[in-house]
Amino acid sequence: MVQHRLPQGGRINRSKPLSFKFDGKNYQGFDGDSLASALLANGIKLIGRSFKYHRPRGLMSAGIEEANGIVQLENGPRTEPNVRATVIPLYEGLEAQSQNRWPSLRYDVGAANSLVSRLFPAGFYYKTFKWPASFWTSLYEKVIRNIAGLGKSPIENDPDRYDKIYAHCDLLIVGAGPAGIAAALAAARSGQRIILAELQSEMGGDLLNADYKIDHKPSARWLADALSELRDSPEVTLLPDTNVWGYFDHNYLTMHQSLTEGPFKSRLWRVRAKKVILATGAIERPLVFADNDRPGAMLAYAGQTYAHRYGVEIGKAIVIVTNNDSAYDVAERLVEAGLSVKALIDLRKNSTRTLNGIEILRGWSVTGVRGTKAVRGVTIRTLMADGKATEGAERYITCDHLLYSGGWNPTLHLFSQARGKLRYDDRIQAFVPASFDIPGQNVSVVGAANGHFDLVDCLREGFKAGEEAAGLTSSGHVPHAEASSWQDPIEEFWAVPSDQPIGHGAKHFVDFQNDVTASDIHLAHREGYRSVEHLKRYTTMGMATDQGKTSNVNALALMAELRGLKIPEVGTTTFRPPYSPVTIGTFGGIEKDDLFDPIRMTPIHRWHEDRGAKFELVGQWHRAWYYPRGAETFHQAVQREVKQTREAIGIFDASTLGKIDIQGPDAAKFLNLIYTNAWTKLEPGRCRYGFMLGEDGMVMDDGVTSRIAENHFHMTTTTGNAARVLSWLEEWLQCEWPDLKVYCTSVSEQWAVIALNGPYARALLEEVTEGIDLSDAAFPFMSFREGKLAGVDVRIFRISFTGELSYEINCPPSYAMHLWQVLMQAGEKYGITPYGTEAMHVLRAEKGFVIVGQETDGTITPYDLGHDWIISKQKGDFIGRRSLERSGMKGPHRKHLVGLLTENPQDVLPEGAQIVLTPGKKPPIEMIGHVTSSYMSPNVGRSIAMALVKNGRERMGEWVYLPFDGKVLKAKITEPKFYDIEGKRING
Amino acid sequence: MVEQYQRRSALAHLGLALRAKHSGGFSVTLSLAARRTILDLRGEGNDFADAIYRTTKLHLPKPNRVTSEGDHSLFWLGPNEYFLIAPEDQKENLKNDLSQSMHGFHHAIVDLSESRTIFNLTGNQARDVLMRGMSIDLHPREFAAGQCVQSSLGKVNILLHQISDEPSYDIYVWNSFADYTWRWLEKISAPFGCRIKV
């Protein structure tokens with residue numbers, strides 16, 4: 001196989017060859033190669049097809065900014081789409097495929113798009129997929145889905161493991177080029193905690209791509225020494241392969257580190273840094289000339305990188321085109337590396353720098369590139385005096401590689417994410433930081449990222465910033481290098497003129513990945529999309545996976561030119577994280593499968609599980625939902641549990657209820673303010689049911705609260721609201737009523753709760769308790785007693801959510817399982833039956849008891865529920881009272897809680913079904929309410945339902961209609977009570 | 001008469017003894033700590049501080065600190081909230097003594113001994129384990145033995161107490177989260193080599 005390698009040089013290890021596959025063919029590279037450099041070294045210039053026109057594309061960079069050379073990496077569950085070949089270190093056995101082509105990379109049917117490119121102008125989605133609306137989902141979505149995206153997502157589960165970590169440091173340095181390394185060296189002396197993060201697997205930045213002298217040493221030697229010094233500093237962490245992708249408030253940065261060893265594929269870092277130094281370097285800008293996207297045409301510095309760092313012979317005859325001096329350095333280094341540079345085309349007429357043995361064509365423009373799948377040559381013409389058009393005879397230069405440089409953009413994505421303001425620097429014709437002073441952040445920018453491209457400046461600026469960040473006052477030795485030989489200023493050539501106006505003939509690409517050309521920007525301008533944010537969305541410029549790293553400034557400069565404005569007047573688009581795409585698996589870490597989210601378990605959970613219970617998620621709790629016996633269905637099990645509870649004893653695990661201990665001399669006064677009813681006269685030992693309202697007068701939570709002692713209450717809340725209610729109480733105590741002497745403490749998990757319901761509940765308790773007189777007179781409804789159950793200290797509340805004779809036993813969780821088993825055993829002769837949350841719902845609905853969050857939805861008042869009795873008229877203020885007293889809170893327009901009985905007692909209404917007054921009408925039709933709860937009740941012997949109905953209490957006995965699923969059910973409005981309406985069963 | 005064996009830990013179903021047998025490694029040790037008395041003490045001012053001192057000889061700790069004396073420790077949880085940690089059998093005496101010494105001023109003593117499950121994580125990489133789930137800076141310069149903090153570990157609220165420089169940490173977690181938190185710690189610790197001790 002022909003290797004296009006230079007005879008020597010490069011940071012590759014030629015004694016360690018690696019084999020890899022591209023599009024099914026075997027190739028060989030070396031350790032130290034990137035996938036991109038290995039492909040180039042094998043003479044592969046055609047790597048992919050472009051998004052819209054399917055144009056043949058090759059590598060256009062050697063780094064993170066790559067827009068063309070994106071591949072599908074690996075196969076099966078580990079496959080990854082849209083991977084930049086430039087950032088993947090080559091490894092043995094790597095497999096990659098080209099993307100966006102069919103049937104093959106060389107012969108791609110989609111390339112026909114190119115022939116009819118006039119059909120795909122900017123905004124063609126918005127223009128084409130518009131009418132008729134019936135095609136939106138039936139046709140257009142399918143078409144768009146088919147053409148959108150480039151690579152394919154994996155369809156199997158990701159077999160890799162990911163790590164997540166939090167970190168803190170005194171100084172985070174982003175970028176380990178000369179400026180970042182100098183900053184780290186300076187700061188390391190302080191002993192502070194420093195993280196130096198670098199995108200590439202090797203640290204050094206520009207020092208990897210060229211030879212300089214630093215402190216009289218070869219730069220490679222200086223680099224090795226510097227890194228070894230940093231490695232030996234105990235509080236310095238060096239993180240290669242790390243993409244710092246987000247910069248959030250208060251110096252909180254997120255990083256993604258690729259790992260090659262150990263159990264994890266990558267690690268997500270969340271770093272809080274006291275100080276940040278951004279040494280993120282600069283990215284070269286392409287020149288926008290005719291057919292600038294041909295395989296073999298690339299950024300000038302990328303050419304130098306492939307030759308110098310990877311020892312790739314990028315071409316036999318190279319032509320360079322530039323508007324600035326940096327490409328002259330490239331030419332010199334290519335020659336040093338043994339390559340042949342045929343000509344350097346300088347768009348500037350009056351540049352002065354010369355190069356030994358290389359023809360320099362000043363004031364010439366590239367008017368076209370020959371070759372479709374690989375560059376074969378360029379045509380050039382002289383530029384007219386204004387630089388806007390070309391004239392004279394065309395000249396043709398054959399070449400097999402074309403390098404371009406349009407200047408350099410400081411990499412300020414992170415700085416901008418941190419809300420740093422940019423200013424346009426005419427000297428380098430690029431945006432630079434306007435000021436490092438960003439409220440809430442502590443950041444400085446050094447080196448090329450700060451618009452200082454010269455090595456000597458990078459070293460000095462980085463070193464000084466490192467010393468300052470570390471608070472060092474005595475100055476250390478600043479690493480020194482020679483100044484560069486850049487002498488003439490860069491000149492503007494945002495669209496490089498060819499022999500025809502923009503939009504005619506060849507394409508001038510601005511955004512390579514999304515196929516946005518200069519003529520698309522002209523079109524957007526003509527059609528009025530002139531703001532850069534509109535321009536971006538209309539043309540999709542900068543919206544591909546590279547996020548416009550090479551295209552944004554060119555695009556907005558072109559728009560500025562069209563609008564006759566200066567570039568800063570046009571502004572930039574908003575920079576958002578991530579700087580570069582991050583694998584989604586890294587956000588999950590180990591928190592997947594059975595660790596995805598906490599599963600809260602009661603102390604009796606295991607018993608329910610052993611008994612075959614099905615569980616229901618309530619918040620994070622797993623609650624026993626029902627306990628099927630044998631082949632019982634859900635319905636059969638629930639019906640049995642409901643019936644057995646009313647006829648014998650039902651036992652229920654209510655441990656998940658929220659419980660709050662409230663103590664203090666103002667506790668009763670506090671409850672008066674929190675609940676709608678009065679609490680001061682409640683005697684110790686007694687319990688009361690209460691409603692909490694929001695400030696809007698709507699029901700927020702309910703529960704039973706008991707007076708343990710004069711200044712001591714035990715509040716219960718609904719399971720789902722436990723944490724919210726405690727926060728609510730604390731908010732009022734801390735912010736509004738700090739004068740009240742009350743302490744609230746969550747005791748939700750200090751007590752497990754076992755509820756016994758049913759006519760034999762008292763008989764069972766009499767057998768197993770000591771020290772409690774269970775007689776109705778001694779232990780009446782809505783009171784509690786303390787004593788022993790099976791030898792364990794318990795607190796028993798005689799309260800009921802089923803309407804049956806009922807006791808809620810509160811016990812220490814460590815004994816809960818034991819007591820449950822004692823009760824099951826002793827209760828066997830009474831027919832004790834465990835019931836789950838579903839049976840609990842049916843039982844309370846039979847009695848018309850509401851569930852907050854089911855009968856209420858944040859828009860329901862106690863009046864709406866018919867609970868006028870719970871609002872105290874005597875006591876003073878309470879939360880929600882003022883809202884509740886507004887005139888509009890009562891009246892026929894309000895929805896009231898009512899019962900619904902279907903005409904056919906076997907029909908069970910679906911919860912959520914809408915209620916209308918007249919059947920048979922087609923929508924739109926006035927809906928007067930909806931079903932909130934609906935069950936088949938074995939105790940009532942028919943279906944029952946509760947509903948919220950407009951003016952429902954005035955509609956008793958009326959028939960209403962519930963259309964759903966193509967049929968209509970008829971139901972009668974009743975009181976929301978269905979069973980034991982007199983309430984006698986509560987006494988057993 | 002009720003027997004101690006009838007009590008059940010929140011991890012009883014995990015079969016820790018078997019897990020311990022199959023665990024190995026040397027970087028961290030994860031264990032379930034014995035039950036303790038946990039009294040939540042609420043109050044403010046000199047009377048409150050004096051009452052605690054009279055009963056326990058413990059001074060009120062500064063924010064996120066722990067004061068210890070003999071087998072008693074006092075954790076700062078908030079501006080008016082402290083945890084008194086003591087051996088389990090001292091609970092009733094402490095409750096009574098504190099109640100008497102705090103008589104006459106606004107305070108609350110709430111027994112939370114049954115609400116928490118306590119783990120211990122010890123070993124030279126214990127900090128690396130916790131960094132996987134805690135946003136708190138645990139570097140020895142910032143967080144050392146004798147400090148405590150309420151924060152989250154992964155998706156669970158915990159109370160963390162560094163008990164020694166080794167480092168060794170006690171992790172207090174609500175019972176209902178104990179199973180999840182234990183399995184999370186076991187899995188996170190595995191790459192470091194985690195020994196499970198019963």
# chains A, B, ... in the order shown; residues from 1 in each chain; ligands from 1
$ interface_residues --of "chain B" --to "chain A" --cutoff "6 Å" --atoms "only C-alpha atoms" --output "list in words"
Met1, Val2, Arg7, Arg8, Leu112, Glu114, Ser115, Met131, Arg132, Ser135, Ser176, Phe177 and Tyr180 of chain B
$ write_last_selection --atoms "N, CA, C and O atoms" --output "CSV table (one decimal), in the first residue's frame"
chain,number,residue,atom,x,y,z
B,1,MET,N,-42.7,-9.8,75.7
B,1,MET,CA,-41.5,-9.0,75.6
B,1,MET,C,-40.9,-9.0,74.2
B,1,MET,O,-40.9,-10.1,73.5
B,2,VAL,N,-40.6,-7.9,73.7
B,2,VAL,CA,-40.1,-7.8,72.3
B,2,VAL,C,-38.6,-8.0,72.3
B,2,VAL,O,-37.8,-7.5,73.2
B,7,ARG,N,-36.1,-6.7,65.3
B,7,ARG,CA,-35.9,-5.4,64.6
B,7,ARG,C,-35.2,-5.7,63.2
B,7,ARG,O,-34.5,-6.7,63.1
B,8,ARG,N,-35.4,-4.9,62.3
B,8,ARG,CA,-35.0,-5.1,61.0
B,8,ARG,C,-34.3,-3.8,60.4
B,8,ARG,O,-34.9,-2.8,60.5
B,112,LEU,N,-35.1,11.3,66.4
B,112,LEU,CA,-35.1,10.8,65.0
B,112,LEU,C,-34.2,9.6,64.8
B,112,LEU,O,-33.8,9.2,63.7
B,114,GLU,N,-34.8,6.5,64.8
B,114,GLU,CA,-35.3,5.5,64.0
B,114,GLU,C,-35.4,5.9,62.5
B,114,GLU,O,-35.7,5.1,61.6
B,115,SER,N,-35.1,7.2,62.2
B,115,SER,CA,-35.4,7.7,60.8
B,115,SER,C,-34.3,7.5,59.9
B,115,SER,O,-34.5,7.5,58.7
B,131,MET,N,-16.8,12.1,45.6
B,131,MET,CA,-16.7,13.1,44.5
B,131,MET,C,-17.6,12.7,43.3
B,131,MET,O,-17.9,13.6,42.5
B,132,ARG,N,-17.9,11.4,43.2
B,132,ARG,CA,-18.8,11.0,42.1
B,132,ARG,C,-20.2,11.5,42.2
B,132,ARG,O,-21.0,11.4,41.3
B,135,SER,N,-21.4,17.5,45.3
B,135,SER,CA,-20.8,18.8,44.7
B,135,SER,C,-20.0,19.6,45.7
B,135,SER,O,-19.5,20.6,45.5
B,176,SER,N,-35.8,5.2,53.9
B,176,SER,CA,-36.4,4.7,52.6
B,176,SER,C,-35.5,4.8,51.4
B,176,SER,O,-35.7,4.2,50.4
B,177,PHE,N,-34.4,5.6,51.6
B,177,PHE,CA,-33.4,5.8,50.5
B,177,PHE,C,-32.2,4.8,50.7
B,177,PHE,O,-31.3,4.8,49.9
B,180,TYR,N,-31.3,2.2,47.9
B,180,TYR,CA,-30.8,2.8,46.7
B,180,TYR,C,-29.4,3.4,46.9
B,180,TYR,O,-28.5,3.1,46.1
$ residues_around --residues "Ser800 in chain A" --least-positions-apart "6" --cutoff "8 Å" --atoms "only C-alpha atoms" --output "ChimeraX atom specification"
/A:757,806-808,986
$ residues_around --residues "range 75-92 of chain B" --least-positions-apart "3" --cutoff "8 Å" --atoms "only C-alpha atoms" --output "short mmCIF file (atom, residue, chain, number, x, y, z; two decimals) with C-alpha atoms, in the first residue's frame"
data_model
loop_
_atom_site.label_atom_id
_atom_site.label_comp_id
_atom_site.auth_asym_id
_atom_site.auth_seq_id
_atom_site.Cartn_x
_atom_site.Cartn_y
_atom_site.Cartn_z
CA ARG B 35 -28.02 2.19 65.35
CA ARG B 36 -27.47 5.36 67.32
CA THR B 37 -29.47 7.83 69.28
CA ILE B 38 -30.21 10.79 67.05
CA LEU B 39 -31.88 13.67 68.82
CA ASP B 40 -32.78 16.69 66.77
CA LEU B 41 -32.31 19.71 69.03
CA ARG B 42 -33.89 23.00 68.07
CA GLY B 43 -33.24 26.25 69.89
CA GLU B 44 -31.22 29.42 70.06
CA LEU B 60 -22.44 24.25 70.27
CA PRO B 61 -20.47 23.63 67.07
CA LYS B 62 -19.85 26.29 64.44
CA PRO B 63 -21.56 25.92 61.06
CA ASN B 64 -20.89 22.55 59.45
CA ARG B 65 -18.76 21.44 62.39
CA VAL B 66 -19.09 18.70 64.94
CA THR B 67 -18.13 18.88 68.61
CA ASP B 71 -19.30 9.03 72.97
CA HIS B 72 -21.45 12.11 72.36
CA LYS B 95 -34.18 12.92 76.28
CA ASN B 96 -35.26 13.34 79.87
CA CYS B 148 -20.34 17.70 58.64
CA VAL B 149 -22.53 18.80 55.78
CA GLN B 150 -26.05 18.20 54.52
#
$ residues_around --residues "range 356-368 of chain A" --least-positions-apart "5" --cutoff "6 Å" --atoms "only C-alpha atoms" --output "VMD selection string"
chain A and resid 290 343 to 349 378 to 383 498 to 499
$ write_last_selection --atoms "N, CA and C atoms" --output "mmCIF file, in the first residue's frame"
data_model
loop_
_atom_site.group_PDB
_atom_site.id
_atom_site.type_symbol
_atom_site.label_atom_id
_atom_site.label_comp_id
_atom_site.auth_asym_id
_atom_site.auth_seq_id
_atom_site.Cartn_x
_atom_site.Cartn_y
_atom_site.Cartn_z
ATOM 1 N N ALA A 290 -14.497 30.376 -5.060
ATOM 2 C CA ALA A 290 -15.277 29.459 -5.893
ATOM 3 C C ALA A 290 -14.776 28.022 -5.730
ATOM 4 N N ALA A 343 3.164 27.647 -5.471
ATOM 5 C CA ALA A 343 2.898 29.083 -5.545
ATOM 6 C C ALA A 343 2.142 29.513 -4.307
ATOM 7 N N LEU A 344 2.328 30.785 -3.928
ATOM 8 C CA LEU A 344 1.523 31.369 -2.870
ATOM 9 C C LEU A 344 0.783 32.542 -3.486
ATOM 10 N N ILE A 345 -0.554 32.443 -3.480
ATOM 11 C CA ILE A 345 -1.383 33.493 -4.057
ATOM 12 C C ILE A 345 -1.798 34.405 -2.933
ATOM 13 N N ASP A 346 -1.334 35.624 -2.953
ATOM 14 C CA ASP A 346 -1.666 36.593 -1.897
ATOM 15 C C ASP A 346 -2.682 37.562 -2.468
ATOM 16 N N LEU A 347 -3.872 37.579 -1.880
ATOM 17 C CA LEU A 347 -4.930 38.462 -2.377
ATOM 18 C C LEU A 347 -4.519 39.925 -2.227
ATOM 19 N N ARG A 348 -3.588 40.165 -1.317
ATOM 20 C CA ARG A 348 -3.172 41.552 -1.059
ATOM 21 C C ARG A 348 -2.169 41.982 -2.140
ATOM 22 N N LYS A 349 -2.403 43.174 -2.678
ATOM 23 C CA LYS A 349 -1.507 43.692 -3.718
ATOM 24 C C LYS A 349 -0.171 44.111 -3.143
ATOM 25 N N VAL A 378 -5.849 25.051 -9.944
ATOM 26 C CA VAL A 378 -6.650 26.244 -9.668
ATOM 27 C C VAL A 378 -6.507 27.223 -10.824
ATOM 28 N N THR A 379 -7.602 27.972 -11.072
ATOM 29 C CA THR A 379 -7.535 29.064 -12.042
ATOM 30 C C THR A 379 -7.469 30.355 -11.258
ATOM 31 N N ILE A 380 -6.659 31.276 -11.727
ATOM 32 C CA ILE A 380 -6.514 32.547 -11.015
ATOM 33 C C ILE A 380 -6.565 33.700 -12.007
ATOM 34 N N ARG A 381 -6.983 34.850 -11.496
ATOM 35 C CA ARG A 381 -7.007 36.087 -12.298
ATOM 36 C C ARG A 381 -6.592 37.229 -11.404
ATOM 37 N N THR A 382 -6.153 38.297 -12.012
ATOM 38 C CA THR A 382 -5.761 39.450 -11.183
ATOM 39 C C THR A 382 -7.005 40.139 -10.647
ATOM 40 N N LEU A 383 -6.857 40.667 -9.432
ATOM 41 C CA LEU A 383 -7.943 41.400 -8.790
ATOM 42 C C LEU A 383 -7.955 42.828 -9.300
ATOM 43 N N SER A 498 -14.634 35.692 -8.123
ATOM 44 C CA SER A 498 -14.231 34.820 -9.237
ATOM 45 C C SER A 498 -14.506 35.587 -10.528
ATOM 46 N N ASP A 499 -14.707 34.882 -11.645
ATOM 47 C CA ASP A 499 -14.947 35.609 -12.888
ATOM 48 C C ASP A 499 -16.425 35.912 -13.094
#
$ select_by_dssp --residues "range 767-829 of chain A" --states "helix (DSSP H, G or I)" --output "MDAnalysis selection string"
chainID A and resid 767:768 813:829
$ residues_around --residues "Ser190 in chain A" --least-positions-apart "5" --cutoff "8 Å" --atoms "only C-alpha atoms" --output "JSON, numbers by chain"
{"A": [470, 471, 472]}
$ closest_residue --among "A:Ile47, A:Ala307, A:Leu969, A:Leu729" --to "Val916 in chain A" --atoms "only C-alpha atoms"
A:Leu969
$ residues_around --residues "range 11-20 of chain B" --least-positions-apart "2" --cutoff "12 Å" --atoms "only C-alpha atoms" --output "short mmCIF file (atom, residue, chain, number, x, y, z; two decimals) with N, CA, C and O atoms, in the first residue's frame"
data_model
loop_
_atom_site.label_atom_id
_atom_site.label_comp_id
_atom_site.auth_asym_id
_atom_site.auth_seq_id
_atom_site.Cartn_x
_atom_site.Cartn_y
_atom_site.Cartn_z
N MET A 601 -38.50 2.81 49.72
CA MET A 601 -39.21 1.62 50.19
C MET A 601 -39.61 1.80 51.64
O MET A 601 -38.84 2.31 52.43
N THR A 602 -40.79 1.33 51.96
CA THR A 602 -41.21 1.34 53.37
C THR A 602 -40.54 0.17 54.07
O THR A 602 -40.05 -0.76 53.42
N PRO A 603 -40.53 0.18 55.41
CA PRO A 603 -39.89 -0.95 56.11
C PRO A 603 -40.63 -2.28 55.91
O PRO A 603 -40.11 -3.32 56.28
N ILE A 604 -41.84 -2.21 55.34
CA ILE A 604 -42.60 -3.45 55.15
C ILE A 604 -42.57 -3.87 53.67
O ILE A 604 -43.19 -4.85 53.26
N HIS A 605 -41.80 -3.14 52.88
CA HIS A 605 -41.75 -3.35 51.43
C HIS A 605 -41.54 -4.82 51.06
O HIS A 605 -42.20 -5.37 50.19
N ARG A 606 -40.57 -5.42 51.75
CA ARG A 606 -40.19 -6.79 51.40
C ARG A 606 -41.35 -7.76 51.56
O ARG A 606 -41.49 -8.71 50.80
N TRP A 607 -42.20 -7.52 52.58
CA TRP A 607 -43.35 -8.40 52.80
C TRP A 607 -44.30 -8.30 51.60
O TRP A 607 -44.77 -9.31 51.09
N GLU A 609 -43.59 -7.46 48.64
CA GLU A 609 -42.95 -8.08 47.48
C GLU A 609 -43.11 -9.61 47.55
O GLU A 609 -43.48 -10.24 46.56
N ASP A 610 -42.82 -10.19 48.73
CA ASP A 610 -42.92 -11.62 48.90
C ASP A 610 -44.36 -12.09 48.67
O ASP A 610 -44.59 -13.22 48.24
N SER A 814 -38.03 0.09 62.58
CA SER A 814 -37.28 -1.17 62.70
C SER A 814 -38.17 -2.31 63.20
O SER A 814 -37.84 -3.47 63.02
N MET A 817 -42.01 -4.36 60.40
CA MET A 817 -42.21 -5.66 59.76
C MET A 817 -42.71 -6.68 60.78
O MET A 817 -43.63 -7.45 60.52
N TYR B 5 -33.86 -9.08 68.07
CA TYR B 5 -33.73 -9.73 66.76
C TYR B 5 -34.95 -9.47 65.88
O TYR B 5 -34.92 -9.67 64.68
N GLN B 6 -36.03 -9.03 66.51
CA GLN B 6 -37.23 -8.75 65.72
C GLN B 6 -37.13 -7.41 65.00
O GLN B 6 -38.00 -7.06 64.21
N ARG B 7 -36.07 -6.68 65.29
CA ARG B 7 -35.86 -5.41 64.57
C ARG B 7 -35.19 -5.74 63.24
O ARG B 7 -34.49 -6.72 63.10
N ARG B 8 -35.42 -4.86 62.31
CA ARG B 8 -34.95 -5.11 60.95
C ARG B 8 -34.34 -3.84 60.40
O ARG B 8 -34.93 -2.76 60.53
N SER B 9 -33.17 -3.97 59.82
CA SER B 9 -32.56 -2.79 59.22
C SER B 9 -33.16 -2.56 57.84
O SER B 9 -33.74 -3.46 57.25
N HIS B 22 -18.25 -11.90 49.05
CA HIS B 22 -17.84 -11.81 47.65
C HIS B 22 -17.15 -10.51 47.31
O HIS B 22 -16.78 -10.29 46.16
N SER B 23 -16.99 -9.64 48.28
CA SER B 23 -16.36 -8.35 47.96
C SER B 23 -14.86 -8.45 48.16
O SER B 23 -14.38 -9.31 48.88
N GLY B 24 -14.15 -7.55 47.52
CA GLY B 24 -12.72 -7.57 47.69
C GLY B 24 -12.16 -6.20 47.45
O GLY B 24 -12.92 -5.25 47.22
N GLY B 25 -10.85 -6.06 47.50
CA GLY B 25 -10.25 -4.77 47.21
C GLY B 25 -9.70 -4.14 48.45
O GLY B 25 -9.78 -4.70 49.53
N THR B 29 -13.65 0.79 52.21
CA THR B 29 -14.46 -0.19 52.93
C THR B 29 -15.81 0.44 53.20
O THR B 29 -15.89 1.56 53.68
N LEU B 30 -16.86 -0.30 52.84
CA LEU B 30 -18.22 0.19 53.04
C LEU B 30 -18.88 -0.69 54.08
O LEU B 30 -18.82 -1.91 53.98
N SER B 31 -19.48 -0.06 55.09
CA SER B 31 -20.15 -0.87 56.11
C SER B 31 -21.40 -0.18 56.62
O SER B 31 -21.59 1.02 56.43
N LEU B 32 -22.24 -0.99 57.24
CA LEU B 32 -23.47 -0.49 57.85
C LEU B 32 -23.15 -0.25 59.32
O LEU B 32 -22.69 -1.15 60.01
N ALA B 33 -23.39 0.97 59.78
CA ALA B 33 -23.06 1.29 61.17
C ALA B 33 -24.19 0.88 62.10
O ALA B 33 -25.33 0.69 61.66
N ARG B 116 -33.10 7.28 60.39
CA ARG B 116 -31.93 7.25 59.51
C ARG B 116 -31.24 5.90 59.55
O ARG B 116 -31.24 5.22 60.58
N THR B 117 -30.61 5.57 58.42
CA THR B 117 -29.69 4.43 58.36
C THR B 117 -28.31 5.05 58.17
O THR B 117 -28.16 6.02 57.45
N ILE B 118 -27.33 4.48 58.83
CA ILE B 118 -26.00 5.09 58.81
C ILE B 118 -25.00 4.14 58.16
O ILE B 118 -24.89 2.97 58.55
N PHE B 119 -24.29 4.65 57.16
CA PHE B 119 -23.23 3.88 56.51
C PHE B 119 -21.89 4.47 56.92
O PHE B 119 -21.80 5.63 57.29
N VAL B 173 -28.56 8.58 56.05
CA VAL B 173 -29.53 8.63 54.95
C VAL B 173 -30.90 8.21 55.49
O VAL B 173 -31.00 7.39 56.39
N TRP B 174 -31.95 8.83 54.98
CA TRP B 174 -33.31 8.41 55.36
C TRP B 174 -33.48 6.93 55.03
O TRP B 174 -33.03 6.48 53.98
N ASN B 175 -34.16 6.21 55.92
CA ASN B 175 -34.33 4.76 55.75
C ASN B 175 -34.82 4.39 54.35
O ASN B 175 -34.34 3.43 53.74
N SER B 176 -35.79 5.16 53.85
CA SER B 176 -36.43 4.75 52.60
C SER B 176 -35.46 4.83 51.43
O SER B 176 -35.67 4.21 50.40
N PHE B 177 -34.39 5.63 51.59
CA PHE B 177 -33.40 5.76 50.52
C PHE B 177 -32.19 4.84 50.75
O PHE B 177 -31.26 4.85 49.95
N ALA B 178 -32.19 4.09 51.86
CA ALA B 178 -31.00 3.33 52.24
C ALA B 178 -30.62 2.30 51.18
O ALA B 178 -29.46 2.18 50.79
N ASP B 179 -31.61 1.57 50.69
CA ASP B 179 -31.34 0.52 49.70
C ASP B 179 -30.71 1.13 48.45
O ASP B 179 -29.68 0.67 47.97
N TYR B 180 -31.32 2.19 47.93
CA TYR B 180 -30.79 2.82 46.72
C TYR B 180 -29.38 3.35 46.95
O TYR B 180 -28.47 3.13 46.15
N THR B 181 -29.21 4.04 48.08
CA THR B 181 -27.92 4.68 48.34
C THR B 181 -26.81 3.66 48.52
O THR B 181 -25.70 3.83 48.03
N TRP B 182 -27.13 2.57 49.21
CA TRP B 182 -26.14 1.51 49.39
C TRP B 182 -25.72 0.92 48.03
O TRP B 182 -24.54 0.77 47.73
N ARG B 183 -26.71 0.60 47.21
CA ARG B 183 -26.39 0.01 45.90
C ARG B 183 -25.61 1.00 45.04
O ARG B 183 -24.70 0.62 44.30
N GLU B 186 -22.06 1.03 46.39
CA GLU B 186 -21.37 -0.21 46.02
C GLU B 186 -20.90 -0.15 44.57
O GLU B 186 -19.78 -0.51 44.25
N CYS B 194 -13.69 -2.27 46.42
CA CYS B 194 -14.49 -1.95 47.60
C CYS B 194 -14.73 -3.19 48.43
O CYS B 194 -15.26 -4.18 47.94
N ARG B 195 -14.33 -3.12 49.69
CA ARG B 195 -14.57 -4.23 50.61
C ARG B 195 -15.84 -3.92 51.39
O ARG B 195 -16.01 -2.79 51.87
N ILE B 196 -16.71 -4.89 51.48
CA ILE B 196 -17.93 -4.70 52.27
C ILE B 196 -17.76 -5.40 53.59
O ILE B 196 -17.37 -6.57 53.64
N LYS B 197 -17.96 -4.66 54.66
CA LYS B 197 -17.74 -5.19 56.00
C LYS B 197 -19.08 -5.25 56.72
O LYS B 197 -19.86 -4.32 56.63
N VAL B 198 -19.32 -6.35 57.39
CA VAL B 198 -20.59 -6.46 58.13
C VAL B 198 -20.31 -6.14 59.60
O VAL B 198 -19.37 -6.65 60.19
#
$ select_by_dssp --residues "range 18-171 of chain B" --states "strand (DSSP E or B)" --output "ChimeraX atom specification"
/B:28-32,36-42,65-69,72-78,81-87,108-111,116-122,147-153,156-164,168-171
